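Colleague: Contents are CSV, C-alpha atoms; file name query-v9.csv:
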chain,number,residue,atom,x,y,z
A,1,MET,CA,127.7,117.0,83.9
A,2,VAL,CA,125.2,115.7,86.5
A,3,GLN,CA,124.2,119.2,87.5
A,4,GLN,CA,123.6,120.0,83.8
A,5,ALA,CA,121.4,116.9,83.5
A,6,ILE,CA,119.4,117.9,86.5
A,7,ALA,CA,118.9,121.5,85.1
A,8,GLU,CA,117.8,120.1,81.7
A,9,ASN,CA,115.3,117.8,83.3
A,10,GLN,CA,114.0,120.7,85.5
A,11,LYS,CA,113.6,122.8,82.4
A,12,PHE,CA,111.2,120.2,80.9
A,13,ALA,CA,109.5,119.4,84.2
A,14,ASN,CA,110.8,115.8,83.9
A,15,ARG,CA,110.8,114.9,87.6
A,16,ALA,CA,111.7,111.3,86.8
A,17,GLY,CA,114.9,112.3,85.1
A,18,GLU,CA,115.6,115.0,87.7
A,19,LEU,CA,115.4,112.4,90.5
A,20,ILE,CA,117.9,110.1,88.8
A,21,GLY,CA,120.3,113.0,88.5
A,22,ARG,CA,119.8,114.1,92.1
A,23,VAL,CA,120.6,110.6,93.5
A,24,ALA,CA,123.7,110.4,91.3
A,25,LEU,CA,124.8,113.9,92.5
A,26,GLY,CA,124.2,112.9,96.2
A,27,LEU,CA,126.3,109.7,95.6
A,28,ALA,CA,129.1,111.6,93.9
A,29,ASN,CA,129.3,114.1,96.8
A,30,ILE,CA,129.8,111.4,99.5
A,31,GLY,CA,133.4,111.8,100.6
A,32,THR,CA,134.2,114.3,97.9
A,33,ALA,CA,132.3,117.3,99.2
A,34,PRO,CA,131.5,118.5,102.8
A,35,PRO,CA,129.0,116.1,104.4
A,36,GLU,CA,126.2,118.7,104.8
A,37,GLN,CA,126.3,119.2,101.0
A,38,ALA,CA,125.6,115.5,100.3
A,39,ASN,CA,123.0,115.5,103.2
A,40,ASN,CA,121.1,118.5,101.7
A,41,ILE,CA,120.9,116.9,98.3
A,42,LEU,CA,119.6,113.6,99.7
A,43,THR,CA,117.1,115.4,101.9
A,44,GLU,CA,115.8,117.5,99.0
A,45,THR,CA,115.6,114.4,96.9
A,46,GLU,CA,113.6,112.5,99.5
A,47,GLN,CA,111.2,115.4,99.6
A,48,LEU,CA,110.8,115.3,95.9
A,49,VAL,CA,110.2,111.6,95.9
A,50,GLU,CA,107.5,112.1,98.5
A,51,LYS,CA,105.9,115.0,96.5
A,52,THR,CA,105.9,113.1,93.2
A,53,GLY,CA,105.1,109.6,94.6
A,54,ALA,CA,108.2,108.2,92.7
A,55,VAL,CA,108.5,105.2,95.0
A,56,TYR,CA,110.7,103.4,92.4
A,57,MET,CA,113.5,105.7,93.4
A,58,LEU,CA,113.3,104.9,97.1
A,59,PRO,CA,115.7,101.8,97.1
A,60,GLN,CA,118.4,103.7,95.3
A,61,LEU,CA,117.9,106.7,97.5
A,62,LEU,CA,118.1,104.6,100.7
A,63,ALA,CA,121.1,102.7,99.4
A,64,THR,CA,122.9,106.0,98.8
A,65,SER,CA,122.1,107.0,102.4
A,66,GLY,CA,123.5,103.6,103.4
A,67,PHE,CA,126.7,104.3,101.5
A,68,GLN,CA,126.9,107.7,103.2
A,69,ALA,CA,126.5,106.1,106.7
A,70,ALA,CA,129.1,103.4,105.8
A,71,PHE,CA,131.5,106.0,104.6
A,72,ALA,CA,131.1,107.8,107.9
A,73,GLY,CA,131.7,104.5,109.8
A,74,ASP,CA,128.2,104.8,111.3
A,75,ASN,CA,127.2,101.1,111.5
A,76,ALA,CA,124.1,101.8,113.6
A,77,ALA,CA,122.7,104.1,110.8
A,78,LEU,CA,123.8,101.6,108.2
A,79,SER,CA,121.9,98.8,110.0
A,80,ARG,CA,118.8,101.0,110.4
A,81,ILE,CA,118.9,101.9,106.7
A,82,THR,CA,119.3,98.3,105.7
A,83,ASP,CA,116.1,97.4,107.6
A,84,GLN,CA,114.4,100.3,105.8
A,85,VAL,CA,115.6,99.0,102.4
A,86,ARG,CA,114.4,95.5,103.3
A,87,ARG,CA,110.9,96.8,104.1
A,88,THR,CA,110.7,99.1,101.1
A,89,THR,CA,112.0,96.6,98.5
A,90,GLY,CA,109.8,93.9,100.0
A,91,ALA,CA,106.7,96.2,99.6
A,92,TYR,CA,107.4,97.3,96.1
A,93,GLY,CA,109.0,94.2,94.7
A,94,PHE,CA,112.2,95.6,93.2
A,95,GLU,CA,115.9,96.2,93.9
A,96,GLY,CA,115.9,93.9,96.9
A,97,TYR,CA,119.5,93.0,96.0
A,98,TYR,CA,120.5,96.1,97.9
A,99,THR,CA,119.9,94.0,101.1
A,100,ASP,CA,122.9,91.9,100.0
A,101,ILE,CA,125.1,94.9,99.3
A,102,LEU,CA,124.6,97.2,102.3
A,103,PRO,CA,125.8,94.8,105.0
A,104,VAL,CA,129.2,94.3,103.2
A,105,TRP,CA,129.9,98.0,103.9
A,106,SER,CA,129.7,97.4,107.7
A,107,GLY,CA,133.4,96.4,107.8
A,108,ASP,CA,132.4,92.9,108.9
A,109,THR,CA,134.5,90.8,106.5
A,110,THR,CA,132.6,87.6,107.4
A,111,ARG,CA,129.8,89.1,105.3
A,112,LEU,CA,132.1,88.3,102.3
A,113,SER,CA,133.6,85.0,103.2
A,114,VAL,CA,130.5,83.0,104.2
A,115,ASP,CA,129.0,80.9,101.5
A,116,ARG,CA,125.8,82.8,101.1
A,117,ALA,CA,122.9,81.6,99.1
A,118,SER,CA,121.5,84.6,97.4
A,119,THR,CA,118.2,85.2,95.8
A,120,TRP,CA,119.8,87.4,93.2
A,121,GLN,CA,121.6,86.3,90.0
A,122,TRP,CA,125.0,88.0,90.7
A,123,PHE,CA,127.5,88.0,87.9
A,124,GLY,CA,130.4,85.8,88.9
A,125,GLY,CA,128.5,84.6,92.0
A,126,THR,CA,127.5,86.2,95.2
A,127,GLU,CA,130.9,86.4,96.9
A,128,GLU,CA,132.7,87.8,93.9
A,129,ALA,CA,130.0,90.4,93.3
A,130,LEU,CA,129.8,91.5,97.0
A,131,GLN,CA,133.6,91.8,97.0
A,132,ARG,CA,133.3,94.2,94.1
A,133,TRP,CA,130.7,96.2,96.1
A,134,HIS,CA,132.9,96.1,99.2
A,135,ASP,CA,135.8,97.6,97.0
A,136,VAL,CA,133.5,100.5,96.0
A,137,LEU,CA,133.6,101.8,99.5
A,138,GLU,CA,137.3,101.4,99.8
A,139,ALA,CA,137.8,103.1,96.5
A,140,ARG,CA,135.7,106.1,97.7
A,141,ARG,CA,137.7,106.3,100.9
A,142,ALA,CA,140.8,106.5,98.8
A,143,LEU,CA,139.3,109.3,96.8
A,144,ALA,CA,138.0,111.3,99.8
A,145,TYR,CA,138.9,114.9,100.3
B,1,MET,CA,108.5,118.2,76.4
B,2,TRP,CA,106.0,117.2,79.1
B,3,PRO,CA,104.4,120.7,79.7
B,4,ALA,CA,103.7,120.6,75.9
B,5,LEU,CA,101.4,117.7,76.6
B,6,SER,CA,99.1,119.9,78.4
B,7,PHE,CA,95.8,120.5,76.6
B,8,GLU,CA,92.9,123.0,76.7
B,9,GLU,CA,90.3,122.0,79.3
B,10,ASP,CA,87.6,122.0,76.6
B,11,LEU,CA,89.5,119.3,74.6
B,12,LEU,CA,90.2,117.3,77.7
B,13,GLU,CA,86.5,117.3,78.7
B,14,SER,CA,85.2,116.5,75.3
B,15,ASN,CA,83.6,113.1,74.9
B,16,THR,CA,85.3,112.3,71.6
B,17,PRO,CA,88.1,109.9,70.7
B,18,VAL,CA,90.5,112.8,70.5
B,19,GLY,CA,89.5,114.1,73.9
B,20,VAL,CA,89.8,110.7,75.5
B,21,PHE,CA,93.2,110.2,73.8
B,22,CYS,CA,94.4,113.5,75.1
B,23,ARG,CA,93.4,112.6,78.6
B,24,GLY,CA,95.5,109.4,78.1
B,25,LEU,CA,98.5,111.6,77.0
B,26,ARG,CA,98.0,113.7,80.2
B,27,GLY,CA,98.3,110.4,82.1
B,28,VAL,CA,101.5,109.7,80.3
B,29,ALA,CA,102.9,113.2,81.1
B,30,LEU,CA,102.0,112.7,84.8
B,31,ARG,CA,104.4,109.7,84.9
B,32,HIS,CA,107.2,112.2,84.2
B,33,THR,CA,106.0,115.2,86.2
B,34,GLY,CA,104.2,113.4,89.1
B,35,PRO,CA,102.1,112.7,91.0
B,36,PHE,CA,102.9,109.3,89.7
B,37,GLU,CA,99.9,107.5,91.2
B,38,GLU,CA,97.6,110.0,89.3
B,39,SER,CA,99.2,108.7,86.1
B,40,VAL,CA,98.0,105.2,86.9
B,41,ALA,CA,94.5,106.4,87.8
B,42,GLU,CA,94.2,108.6,84.7
B,43,LEU,CA,95.2,105.9,82.3
B,44,ALA,CA,93.0,103.3,84.0
B,45,ALA,CA,90.0,105.7,83.5
B,46,VAL,CA,90.8,106.4,79.9
B,47,LEU,CA,91.3,102.8,79.0
B,48,ARG,CA,87.7,102.1,80.1
B,49,SER,CA,86.4,104.3,77.4
B,50,PRO,CA,84.7,102.6,74.4
B,51,LEU,CA,85.6,105.6,72.2
B,52,LEU,CA,89.3,104.8,71.9
B,53,PRO,CA,90.4,103.1,68.7
B,54,GLN,CA,92.3,99.9,69.1
B,55,ASN,CA,95.7,101.3,68.1
B,56,ALA,CA,95.3,104.1,70.7
B,57,LYS,CA,94.2,101.6,73.3
B,58,ASP,CA,97.3,99.4,72.6
B,59,PHE,CA,99.6,102.5,73.0
B,60,LEU,CA,97.9,103.6,76.3
B,61,GLN,CA,97.9,100.0,77.7
B,62,TYR,CA,101.7,99.9,77.3
B,63,GLN,CA,102.0,103.3,78.9
B,64,GLN,CA,99.7,102.2,81.8
B,65,ALA,CA,102.0,99.2,82.5
B,66,GLN,CA,105.0,101.6,82.6
B,67,SER,CA,103.1,103.8,85.1
B,68,LEU,CA,102.2,100.8,87.2
B,69,PHE,CA,105.9,99.9,87.5
B,70,TYR,CA,107.0,103.4,88.4
B,71,SER,CA,104.3,103.6,91.0
B,72,GLY,CA,105.7,100.6,92.8
B,73,MET,CA,103.4,97.9,91.4
B,74,ALA,CA,106.2,95.9,89.7
B,75,GLY,CA,104.3,92.6,89.8
B,76,VAL,CA,101.2,93.9,88.2
B,77,ALA,CA,103.2,95.8,85.5
B,78,TYR,CA,105.2,92.6,84.8
B,79,ASP,CA,102.0,90.6,84.1
B,80,GLN,CA,100.7,93.4,81.9
B,81,PHE,CA,104.0,93.6,79.9
B,82,GLU,CA,103.9,89.8,79.5
B,83,LYS,CA,100.4,90.0,78.0
B,84,ILE,CA,101.5,92.7,75.6
B,85,LEU,CA,104.5,90.7,74.5
B,86,ALA,CA,102.4,87.5,74.1
B,87,GLY,CA,99.9,89.5,72.0
B,88,GLY,CA,102.7,90.3,69.5
B,89,GLY,CA,101.3,93.7,68.6
B,90,ALA,CA,102.9,97.0,67.8
B,91,TYR,CA,104.3,97.3,71.4
B,92,ALA,CA,105.6,93.8,71.8
B,93,GLY,CA,109.2,95.0,71.3
B,94,GLN,CA,108.9,97.7,73.9
B,95,ALA,CA,107.2,95.2,76.3
B,96,GLN,CA,110.3,92.9,75.8
B,97,TYR,CA,112.5,95.8,76.8
B,98,SER,CA,110.4,96.7,79.8
B,99,LEU,CA,110.4,93.1,81.0
B,100,ALA,CA,114.2,93.1,80.8
B,101,MET,CA,114.3,96.3,82.8
B,102,ILE,CA,112.1,94.7,85.5
B,103,ASP,CA,114.2,91.5,85.5
B,104,SER,CA,117.2,93.7,86.2
B,105,TYR,CA,115.4,95.7,88.9
B,106,GLN,CA,114.4,92.4,90.5
B,107,GLY,CA,117.9,90.9,90.5
B,108,ARG,CA,117.3,88.4,87.7
B,109,PHE,CA,120.5,89.7,86.0
B,110,ARG,CA,121.2,86.7,83.8
B,111,ASP,CA,117.6,86.3,82.7
B,112,MET,CA,117.7,90.0,81.7
B,113,LEU,CA,120.7,89.4,79.4
B,114,GLU,CA,118.9,86.5,77.8
B,115,ARG,CA,116.1,88.9,76.8
B,116,VAL,CA,118.4,91.1,74.7
B,117,PRO,CA,117.5,90.6,71.1
B,118,GLU,CA,120.2,89.7,68.6
B,119,ASN,CA,119.9,93.2,67.1
B,120,GLY,CA,119.8,94.6,70.7
B,121,LEU,CA,122.2,97.4,70.0
B,122,ALA,CA,119.6,100.2,70.1
B,123,HIS,CA,120.5,102.8,72.7
B,124,HIS,CA,117.7,101.8,75.1
B,125,TRP,CA,119.0,98.3,75.2
B,126,GLN,CA,122.5,99.5,75.7
B,127,ARG,CA,121.3,101.5,78.6
B,128,VAL,CA,119.5,98.6,80.3
B,129,ILE,CA,122.6,96.4,79.8
B,130,GLY,CA,124.7,99.2,81.4
B,131,ASP,CA,122.3,99.2,84.3
B,132,VAL,CA,122.6,95.5,84.9
B,133,HIS,CA,126.4,95.8,85.0
B,134,LYS,CA,126.2,98.8,87.3
B,135,SER,CA,124.0,96.8,89.7
B,136,ASN,CA,126.7,94.1,89.7
B,137,ALA,CA,129.5,96.7,90.4
B,138,ASN,CA,131.0,96.0,86.9
B,139,PHE,CA,131.5,99.7,86.4
B,140,ASP,CA,133.9,99.4,83.3
B,141,ASP,CA,131.3,97.4,81.4
B,142,ALA,CA,128.5,99.7,82.6
B,143,ARG,CA,130.4,102.7,81.3
B,144,THR,CA,131.0,101.1,77.9
B,145,HIS,CA,127.3,100.4,77.5
B,146,PHE,CA,126.2,103.8,78.7
B,147,GLU,CA,128.7,105.5,76.3
B,148,ASN,CA,127.4,103.3,73.5
B,149,ALA,CA,123.8,104.3,74.5
B,150,ALA,CA,124.7,108.0,74.4
B,151,ARG,CA,126.5,107.7,71.0
B,152,GLU,CA,123.6,105.8,69.4
B,153,ALA,CA,121.0,108.2,70.8
B,154,GLU,CA,122.7,111.2,69.0
Give the structure from the file, written as C-alpha coordinates.

Modeller:
Amino acid sequence: MVQQAIAENQKFANRAGELIGRVALGLANIGTAPPEQANNILTETEQLVEKTGAVYMLPQLLATSGFQAAFAGDNAALSRITDQVRRTTGAYGFEGYYTDILPVWSGDTTRLSVDRASTWQWFGGTEEALQRWHDVLEARRALAY
Amino acid sequence: MWPALSFEEDLLESNTPVGVFCRGLRGVALRHTGPFEESVAELAAVLRSPLLPQNAKDFLQYQQAQSLFYSGMAGVAYDQFEKILAGGGAYAGQAQYSLAMIDSYQGRFRDMLERVPENGLAHHWQRVIGDVHKSNANFDDARTHFENAAREAE
(Lines of atoms letter the chains of each structure in order from A and count residues from 1; the text may use other names and numbers.)
(Lines give C-alpha, C1' and ligand atoms only; values in the text may rest on other atoms or scores of the structure.)
Protein backbone atom coordinates (compact mmCIF):
# COMPACT_ATOMS: atom_id res chain seq x y z
CA MET A 1 0.00 0.00 0.00
CA VAL A 2 2.83 2.43 0.88
CA GLN A 3 4.67 1.63 -2.33
CA GLN A 4 1.48 2.30 -4.28
CA ALA A 5 1.08 5.66 -2.50
CA ILE A 6 4.68 6.58 -3.36
CA ALA A 7 4.16 5.63 -7.02
CA GLU A 8 0.92 7.66 -7.23
CA ASN A 9 2.62 10.71 -5.75
CA GLN A 10 5.56 10.32 -8.13
CA LYS A 11 3.16 10.15 -11.06
CA PHE A 12 1.74 13.56 -10.11
CA ALA A 13 5.15 14.99 -9.12
CA ASN A 14 3.81 15.49 -5.60
CA ARG A 15 7.13 15.40 -3.75
CA ALA A 16 5.48 16.30 -0.44
CA GLY A 17 3.29 13.19 -0.56
CA GLU A 18 6.15 11.06 -1.88
CA LEU A 19 8.35 12.04 1.07
CA ILE A 20 5.69 11.06 3.62
CA GLY A 21 5.36 7.68 1.88
CA ARG A 22 9.11 7.14 1.77
CA VAL A 23 9.56 7.81 5.49
CA ALA A 24 6.67 5.41 6.24
CA LEU A 25 8.28 2.76 4.03
CA GLY A 26 11.69 3.22 5.67
CA LEU A 27 10.07 2.86 9.09
CA ALA A 28 8.10 -0.22 8.06
CA ASN A 29 11.28 -1.90 6.79
CA ILE A 30 13.22 -1.57 10.05
CA GLY A 31 13.53 -5.08 11.43
CA THR A 32 11.21 -6.54 8.84
CA ALA A 33 13.53 -6.31 5.82
CA PRO A 34 17.31 -6.59 5.41
CA PRO A 35 18.99 -3.55 7.05
CA GLU A 36 20.50 -2.31 3.75
CA GLN A 37 16.99 -2.02 2.29
CA ALA A 38 15.84 0.32 5.07
CA ASN A 39 19.20 2.16 4.82
CA ASN A 40 18.79 2.72 1.09
CA ILE A 41 15.26 4.09 1.46
CA LEU A 42 16.30 6.48 4.22
CA THR A 43 19.38 7.65 2.29
CA GLU A 44 17.34 8.29 -0.87
CA THR A 45 14.71 10.11 1.19
CA GLU A 46 17.38 12.30 2.76
CA GLN A 47 18.64 13.20 -0.71
CA LEU A 48 15.12 14.08 -1.82
CA VAL A 49 14.59 16.27 1.26
CA GLU A 50 17.83 18.07 0.41
CA LYS A 51 16.85 18.50 -3.24
CA THR A 52 13.35 19.81 -2.53
CA GLY A 53 14.15 21.81 0.62
CA ALA A 54 11.35 19.99 2.46
CA VAL A 55 12.85 20.69 5.87
CA TYR A 56 9.56 19.91 7.63
CA MET A 57 10.29 16.23 6.95
CA LEU A 58 13.68 16.28 8.70
CA PRO A 59 12.51 15.56 12.29
CA GLN A 60 10.46 12.53 11.17
CA LEU A 61 13.28 11.32 8.98
CA LEU A 62 15.84 11.67 11.77
CA ALA A 63 13.49 10.01 14.27
CA THR A 64 13.15 7.08 11.87
CA SER A 65 16.95 6.81 11.68
CA GLY A 66 16.97 6.96 15.50
CA PHE A 67 14.50 4.09 15.63
CA GLN A 68 16.72 2.13 13.26
CA ALA A 69 19.79 2.76 15.46
CA ALA A 70 17.82 1.76 18.59
CA PHE A 71 16.58 -1.39 16.89
CA ALA A 72 20.19 -2.29 16.09
CA GLY A 73 21.20 -1.55 19.70
CA ASP A 74 23.57 1.20 18.52
CA ASN A 75 23.26 3.68 21.40
CA ALA A 76 26.14 5.85 20.17
CA ALA A 77 24.30 6.45 16.88
CA LEU A 78 21.02 6.98 18.74
CA SER A 79 22.63 9.61 20.94
CA ARG A 80 24.19 11.34 17.92
CA ILE A 81 20.86 11.37 16.11
CA THR A 82 19.07 12.69 19.23
CA ASP A 83 21.46 15.66 19.22
CA GLN A 84 20.73 16.21 15.53
CA VAL A 85 16.98 16.11 16.23
CA ARG A 86 17.44 18.65 19.05
CA ARG A 87 19.30 21.04 16.74
CA THR A 88 16.91 20.57 13.82
CA THR A 89 13.67 20.88 15.78
CA GLY A 90 15.09 23.86 17.65
CA ALA A 91 15.94 25.61 14.40
CA TYR A 92 12.63 24.98 12.68
CA GLY A 93 10.33 25.12 15.70
CA PHE A 94 8.42 21.90 15.29
CA GLU A 95 8.33 18.25 16.37
CA GLY A 96 10.69 18.91 19.27
CA TYR A 97 8.80 16.19 21.16
CA TYR A 98 11.00 13.62 19.43
CA THR A 99 13.73 14.70 21.88
CA ASP A 100 11.59 13.08 24.62
CA ILE A 101 10.94 9.93 22.58
CA LEU A 102 14.37 8.98 21.24
CA PRO A 103 16.18 8.58 24.60
CA VAL A 104 13.61 6.02 25.84
CA TRP A 105 14.78 3.70 23.08
CA SER A 106 18.29 3.58 24.57
CA GLY A 107 17.34 0.77 26.93
CA ASP A 108 17.96 2.99 29.96
CA THR A 109 14.74 2.41 31.93
CA THR A 110 15.42 5.37 34.25
CA ARG A 111 14.36 7.47 31.25
CA LEU A 112 10.85 6.23 31.95
CA SER A 113 10.66 6.20 35.72
CA VAL A 114 11.99 9.66 36.55
CA ASP A 115 9.39 12.31 37.12
CA ARG A 116 10.15 14.34 34.05
CA ALA A 117 8.71 17.74 33.40
CA SER A 118 8.01 17.86 29.70
CA THR A 119 7.43 20.81 27.44
CA TRP A 120 4.95 18.73 25.46
CA GLN A 121 1.30 18.04 26.25
CA TRP A 122 1.52 14.24 26.25
CA PHE A 123 -1.81 12.38 26.42
CA GLY A 124 -2.00 10.60 29.79
CA GLY A 125 1.13 12.41 31.02
CA THR A 126 4.80 12.19 30.06
CA GLU A 127 5.64 8.89 31.72
CA GLU A 128 2.65 7.03 30.30
CA ALA A 129 3.25 8.38 26.79
CA LEU A 130 6.95 7.54 26.87
CA GLN A 131 6.13 4.04 28.09
CA ARG A 132 3.95 3.65 24.99
CA TRP A 133 6.85 4.80 22.79
CA HIS A 134 9.20 2.43 24.61
CA ASP A 135 6.76 -0.41 23.87
CA VAL A 136 6.85 0.45 20.14
CA LEU A 137 10.49 -0.66 19.96
CA GLU A 138 9.74 -3.82 21.92
CA ALA A 139 6.81 -4.62 19.62
CA ARG A 140 9.01 -4.19 16.55
CA ARG A 141 11.66 -6.47 18.04
CA ALA A 142 8.96 -9.09 18.53
CA LEU A 143 7.98 -8.72 14.87
CA ALA A 144 11.52 -8.84 13.53
CA TYR A 145 12.44 -11.29 10.84
CA MET B 1 -2.26 17.47 -10.69
CA TRP B 2 0.73 19.72 -10.04
CA PRO B 3 2.28 19.58 -13.52
CA ALA B 4 -1.12 20.73 -14.77
CA LEU B 5 -0.51 23.97 -12.92
CA SER B 6 2.28 24.85 -15.30
CA PHE B 7 1.39 27.68 -17.64
CA GLU B 8 2.66 29.17 -20.89
CA GLU B 9 5.57 31.57 -20.34
CA ASP B 10 3.67 34.35 -22.14
CA LEU B 11 0.84 34.11 -19.64
CA LEU B 12 3.20 33.99 -16.66
CA GLU B 13 5.05 37.07 -17.88
CA SER B 14 1.94 39.08 -18.67
CA ASN B 15 1.34 42.05 -16.44
CA THR B 16 -2.34 41.30 -15.95
CA PRO B 17 -4.38 40.05 -12.97
CA VAL B 18 -4.62 36.62 -14.64
CA GLY B 19 -0.86 36.50 -15.25
CA VAL B 20 -0.10 37.49 -11.66
CA PHE B 21 -2.59 34.92 -10.32
CA CYS B 22 -1.04 32.20 -12.48
CA ARG B 23 2.38 33.05 -11.03
CA GLY B 24 0.77 32.62 -7.61
CA LEU B 25 -0.54 29.19 -8.64
CA ARG B 26 2.96 28.30 -9.80
CA GLY B 27 4.11 29.21 -6.28
CA VAL B 28 1.46 26.89 -4.84
CA ALA B 29 2.59 24.06 -7.14
CA LEU B 30 6.21 24.57 -6.04
CA ARG B 31 5.14 23.72 -2.49
CA HIS B 32 4.32 20.23 -3.74
CA THR B 33 7.08 19.70 -6.27
CA GLY B 34 9.88 21.70 -4.65
CA PRO B 35 12.12 23.57 -4.30
CA PHE B 36 9.98 24.60 -1.33
CA GLU B 37 11.80 27.86 -0.59
CA GLU B 38 11.02 29.04 -4.14
CA SER B 39 7.34 28.64 -3.33
CA VAL B 40 7.68 31.17 -0.49
CA ALA B 41 9.65 33.59 -2.69
CA GLU B 42 7.21 33.32 -5.61
CA LEU B 43 4.15 33.88 -3.44
CA ALA B 44 5.77 36.81 -1.63
CA ALA B 45 6.53 38.49 -4.95
CA VAL B 46 3.03 37.89 -6.31
CA LEU B 47 1.35 39.22 -3.17
CA ARG B 48 3.10 42.57 -3.65
CA SER B 49 1.29 43.11 -6.93
CA PRO B 50 -1.48 45.73 -6.92
CA LEU B 51 -3.15 43.88 -9.80
CA LEU B 52 -4.52 41.04 -7.68
CA PRO B 53 -8.19 41.29 -6.72
CA GLN B 54 -8.87 40.89 -2.99
CA ASN B 55 -10.33 37.37 -3.20
CA ALA B 56 -7.26 36.14 -5.11
CA LYS B 57 -5.01 37.87 -2.59
CA ASP B 58 -6.84 36.18 0.32
CA PHE B 59 -6.38 32.77 -1.32
CA LEU B 60 -2.68 33.32 -2.02
CA GLN B 61 -2.02 34.73 1.46
CA TYR B 62 -3.35 31.49 2.93
CA GLN B 63 -1.17 29.51 0.51
CA GLN B 64 1.87 31.60 1.42
CA ALA B 65 1.37 30.79 5.11
CA GLN B 66 1.25 27.08 4.21
CA SER B 67 4.48 27.39 2.23
CA LEU B 68 6.17 29.23 5.10
CA PHE B 69 5.32 26.35 7.42
CA TYR B 70 6.60 23.70 5.02
CA SER B 71 9.82 25.65 4.54
CA GLY B 72 10.61 25.50 8.23
CA MET B 73 9.24 28.90 9.29
CA ALA B 74 6.56 27.59 11.63
CA GLY B 75 6.50 30.67 13.87
CA VAL B 76 5.95 33.11 11.01
CA ALA B 77 3.33 30.80 9.49
CA TYR B 78 1.52 30.56 12.83
CA ASP B 79 1.26 34.37 13.11
CA GLN B 80 -0.02 34.58 9.55
CA PHE B 81 -2.68 31.91 10.11
CA GLU B 82 -3.80 33.67 13.30
CA LYS B 83 -4.28 36.90 11.32
CA ILE B 84 -6.30 35.05 8.67
CA LEU B 85 -8.45 33.42 11.37
CA ALA B 86 -9.00 36.74 13.16
CA GLY B 87 -10.01 38.35 9.86
CA GLY B 88 -12.90 35.89 9.61
CA GLY B 89 -12.73 35.78 5.80
CA ALA B 90 -13.18 32.95 3.33
CA TYR B 91 -10.05 31.12 4.56
CA ALA B 92 -10.66 31.43 8.32
CA GLY B 93 -11.80 27.78 8.52
CA GLN B 94 -8.69 26.54 6.75
CA ALA B 95 -6.53 28.75 8.98
CA GLN B 96 -8.16 27.15 12.04
CA TYR B 97 -7.20 23.74 10.65
CA SER B 98 -3.64 24.84 9.86
CA LEU B 99 -3.22 26.26 13.38
CA ALA B 100 -4.39 22.92 14.79
CA MET B 101 -1.84 21.17 12.60
CA ILE B 102 0.97 23.43 13.88
CA ASP B 103 -0.21 22.94 17.50
CA SER B 104 0.15 19.22 16.91
CA TYR B 105 3.60 19.57 15.30
CA GLN B 106 4.71 21.76 18.20
CA GLY B 107 3.57 19.26 20.83
CA ARG B 108 0.54 21.25 22.08
CA PHE B 109 -1.56 18.14 21.68
CA ARG B 110 -4.43 19.08 24.01
CA ASP B 111 -4.63 22.61 22.58
CA MET B 112 -4.90 21.01 19.15
CA LEU B 113 -7.92 18.93 20.16
CA GLU B 114 -9.61 22.06 21.54
CA ARG B 115 -9.44 23.61 18.08
CA VAL B 116 -11.53 20.84 16.50
CA PRO B 117 -14.88 22.38 15.53
CA GLU B 118 -18.09 20.71 16.68
CA ASN B 119 -18.70 19.60 13.12
CA GLY B 120 -15.05 18.60 12.83
CA LEU B 121 -15.71 15.30 11.13
CA ALA B 122 -14.48 16.38 7.69
CA HIS B 123 -11.70 14.15 6.44
CA HIS B 124 -8.93 16.70 6.90
CA TRP B 125 -9.86 17.11 10.58
CA GLN B 126 -9.96 13.35 11.02
CA ARG B 127 -6.46 13.21 9.57
CA VAL B 128 -5.00 15.80 11.92
CA ILE B 129 -6.68 14.10 14.93
CA GLY B 130 -5.15 10.83 13.71
CA ASP B 131 -1.76 12.55 13.55
CA VAL B 132 -1.97 13.80 17.12
CA HIS B 133 -2.78 10.29 18.36
CA LYS B 134 0.09 8.88 16.29
CA SER B 135 2.48 11.39 17.90
CA ASN B 136 1.27 10.10 21.27
CA ALA B 137 1.77 6.44 20.28
CA ASN B 138 -2.00 5.88 20.55
CA PHE B 139 -1.97 3.85 17.37
CA ASP B 140 -5.45 2.29 17.68
CA ASP B 141 -7.05 5.73 17.96
CA ALA B 142 -4.84 7.05 15.16
CA ARG B 143 -5.87 4.20 12.88
CA THR B 144 -9.58 4.83 13.59
CA HIS B 145 -9.25 8.49 12.61
CA PHE B 146 -7.13 7.77 9.52
CA GLU B 147 -9.68 5.18 8.38
CA ASN B 148 -12.49 7.68 8.96
CA ALA B 149 -10.52 10.25 6.96
CA ALA B 150 -10.07 7.83 4.06
CA ARG B 151 -13.77 6.87 4.09
CA GLU B 152 -14.97 10.46 4.17
CA ALA B 153 -12.58 11.54 1.43
CA GLU B 154 -14.09 9.00 -0.99

Colleague: Got a sec to pull out which chain A residues are within 6 Å of chain B, counting all atoms listed in the file, and send them as a PyMOL selection string?

Modeller: chain A and resi 12-16+52-53+55-56+92-95+120-121+132-133

Colleague: For Asp100 of chain A, which of A:Ala72, A:Leu78, A:Leu130, A:Ile20 is the closest residue, counting all atoms listed in the file?

Modeller: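 Using all atoms listed in the file, Asp100 of chain A sits closest to A:Leu130.
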
Colleague: A:Val2, A:Ala7, A:Ala76, A:Val85: which is nearest Gly21 of chain A, counting only C-alpha atoms?

Modeller: A:Val2

Colleague: Quote the spacing between atom CA of Glu127 of chain A and atom CA of Ala139 of chain A in Å to one decimal place.

Modeller: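 Taking atom CA of Glu127 of chain A as the start and atom CA of Ala139 of chain A as the end point, the length is 18.1 Å.
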
Colleague: Just give me the gap between atom CA of Arg115 of chain B and atom CA of Gly130 of chain B in Å, one decimal is fine.

Modeller: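 Atom CA of Arg115 of chain B sits 14.2 Å away from atom CA of Gly130 of chain B.
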
Colleague: Measure the distance from atom CA of Arg151 of chain B to atom CA of Leu58 of chain A in Å and round it to one decimal.

Modeller: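 Interatomic distance here is 29.4 Å.
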
Colleague: I want to know what sits within 12 Å of Lys57 of chain B, based on only C-alpha atoms, with residues of the same chain fewer than 6 positions away left out; could you give that as a ChimeraX atom specification?

Modeller: /B:17,20-21,24-25,43-51,63-64,84,89-91
